[in-house]
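J.: Just upload_21.tsv, nothing more (TSV, C-alpha atoms):
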chain	number	residue	atom	x	y	z
A	1329	MET	CA	7.29	-102.87	-10.92
A	1330	GLU	CA	3.88	-104.35	-10.24
A	1331	THR	CA	1.67	-102.99	-7.52
A	1332	ARG	CA	0.76	-105.19	-4.59
A	1333	LEU	CA	-2.88	-105.10	-5.66
A	1334	ARG	CA	-2.00	-106.41	-9.14
A	1335	SER	CA	0.04	-109.25	-7.61
A	1336	ILE	CA	-2.82	-110.16	-5.28
A	1337	VAL	CA	-5.46	-110.08	-8.04
A	1338	LYS	CA	-3.29	-112.30	-10.24
A	1339	ALA	CA	-2.77	-114.69	-7.34
A	1340	VAL	CA	-6.49	-114.84	-6.52
A	1341	ILE	CA	-7.47	-115.62	-10.12
A	1342	TRP	CA	-4.73	-118.21	-10.52
A	1343	ASN	CA	-5.67	-119.87	-7.24
A	1344	LEU	CA	-9.37	-120.00	-8.10
A	1345	ILE	CA	-8.39	-121.94	-11.20
A	1346	GLY	CA	-6.13	-124.19	-9.11
A	1347	LEU	CA	-8.81	-124.64	-6.45
A	1348	THR	CA	-11.28	-125.87	-9.04
A	1349	VAL	CA	-8.81	-128.28	-10.63
A	1350	MET	CA	-7.61	-129.61	-7.27
A	1351	ALA	CA	-11.18	-130.10	-6.00
A	1352	VAL	CA	-12.02	-132.19	-9.06
A	1353	VAL	CA	-8.81	-134.22	-8.72
A	1354	GLY	CA	-9.44	-134.67	-4.98
A	1355	LEU	CA	-12.99	-135.82	-5.67
A	1356	ILE	CA	-11.81	-138.32	-8.28
A	1357	VAL	CA	-9.02	-139.69	-6.08
A	1358	THR	CA	-10.93	-139.86	-2.80
A	1359	GLY	CA	-14.49	-140.26	-4.02
A	1360	SER	CA	-15.50	-137.70	-1.39
A	1361	LEU	CA	-16.47	-134.11	-2.11
A	1362	THR	CA	-15.59	-133.13	1.47
A	1363	ALA	CA	-12.11	-134.70	1.39
A	1364	GLY	CA	-11.46	-133.40	-2.13
A	1365	GLY	CA	-12.58	-129.93	-1.10
A	1366	LEU	CA	-10.42	-129.95	2.00
A	1367	ILE	CA	-7.37	-131.00	-0.01
A	1368	ALA	CA	-8.13	-128.22	-2.51
A	1369	VAL	CA	-8.52	-125.54	0.18
A	1370	ILE	CA	-5.26	-126.51	1.90
A	1371	ASN	CA	-3.41	-126.63	-1.40
A	1372	THR	CA	-4.85	-123.28	-2.50
A	1373	THR	CA	-3.95	-121.57	0.77
A	1374	ILE	CA	-0.35	-122.74	0.54
A	1375	GLY	CA	-0.18	-121.95	-3.17
A	1376	PHE	CA	-1.66	-118.47	-2.76
A	1377	THR	CA	0.78	-117.53	-0.03
A	1378	THR	CA	3.85	-118.78	-1.86
A	1379	TYR	CA	2.72	-117.23	-5.17
A	1380	VAL	CA	2.26	-113.76	-3.65
A	1381	LEU	CA	5.67	-113.94	-1.98
A	1382	TYR	CA	7.26	-115.22	-5.20
A	1383	GLU	CA	5.72	-112.41	-7.27
A	1384	ARG	CA	6.79	-109.74	-4.79
A	1385	VAL	CA	10.38	-110.99	-4.80
A	1386	TRP	CA	10.50	-110.98	-8.60
A	1387	ALA	CA	8.92	-107.51	-8.71
A	1388	ARG	CA	12.05	-106.21	-6.97
A	1389	ILE	CA	14.47	-107.87	-9.39
A	1390	GLY	CA	15.38	-105.77	-12.41
A	1391	TRP	CA	17.19	-108.53	-14.30
A	1392	GLY	CA	15.74	-109.31	-17.72
A	1393	ARG	CA	13.50	-106.25	-17.95
A	1394	CYS	CA	13.56	-103.91	-20.89
A	1395	HIS	CA	13.33	-100.25	-19.97
A	1396	GLY	CA	12.06	-98.31	-22.92
Would you mind giving the structure from this file in structure tokens?

T.:
Amino acid sequence: METRLRSIVKAVIWNLIGLTVMAVVGLIVTGSLTAGGLIAVINTTIGFTTYVLYERVWARIGWGRCHG
């Protein structure tokens, strides 16, 4: 089972990557750094929350794990 801290660190790193990508896409689509940044922040907040919850649920499921 993963610790909560590990799940959170993974989520933060993943969402920093996603934030960067989404900000660039938002900038390209809207032509505005402010609008692109806002889209990226909203998307990252939603993504971070759902990712942490998703990881915690899967951390409790033993299916498919090999116990050595």

J.: Pick the closest to Val1337 in chain A from A:Val1380, A:Cys1394, A:Val1385, A:Leu1361: which is it, counting all atoms listed in the file?

T.: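 Smallest distance to Val1337 in chain A is found for A:Val1380.
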
J.: Can you pull out the residues contacting range 1371-1375 of chain A? Cut-off 7 Å, using only C-alpha atoms, and skip same-chain residues under 3 positions away; I want them as a PyMOL selection string.

T.: chain A and resi 1343+1346-1347+1367-1368+1378-1379

J.: Around all listed atoms of range 1361-1365 of chain A, padded 6 Å per side, what centre and edge lengths does the axis-aligned box have in Å to one decimal, as lines of an AutoDock Vina configuration file?

T.:
center_x = -14.0
center_y = -132.3
center_z = -0.3
size_x = 17.0
size_y = 16.8
size_z = 15.6

J.: At a cut-off of 8 Å, using only C-alpha atoms, what residues contact range 1330-1335 of chain A? Leave out same-chain residues fewer than 2 positions from it and give the result as a VMD selection string.

T.: chain A and resid 1337 to 1339 1380 1383 to 1384 1387

J.: One number please: CA of Leu1344 in chain A to CA of Thr1377 in chain A, in Å, one decimal.

T.: 13.2 Å

J.: Work out how far CA of Ile1336 in chain A is from CA of Trp1391 in chain A, in Å to one decimal.

T.: 22.0 Å

J.: Find the distance between CA of His1395 in chain A and CA of Leu1381 in chain A and write it in Å to one decimal.

T.: 23.9 Å

J.: Please determine, counting all atoms listed in the file, which residue among A:Tyr1382, A:Val1369, A:Ile1389, A:Thr1362 has the shortest atom-to-atom distance to Val1349 in chain A.

T.: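 Using all atoms listed in the file, the shortest distance to Val1349 in chain A belongs to A:Val1369.
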
J.: Which of these residues is nearest to Ile1341 in chain A, using only C-alpha atoms: A:Ser1360, A:Arg1393, A:Phe1376, A:Trp1386?

T.: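 Nearest candidate to Ile1341 in chain A out of A:Ser1360, A:Arg1393, A:Phe1376, A:Trp1386: A:Phe1376.
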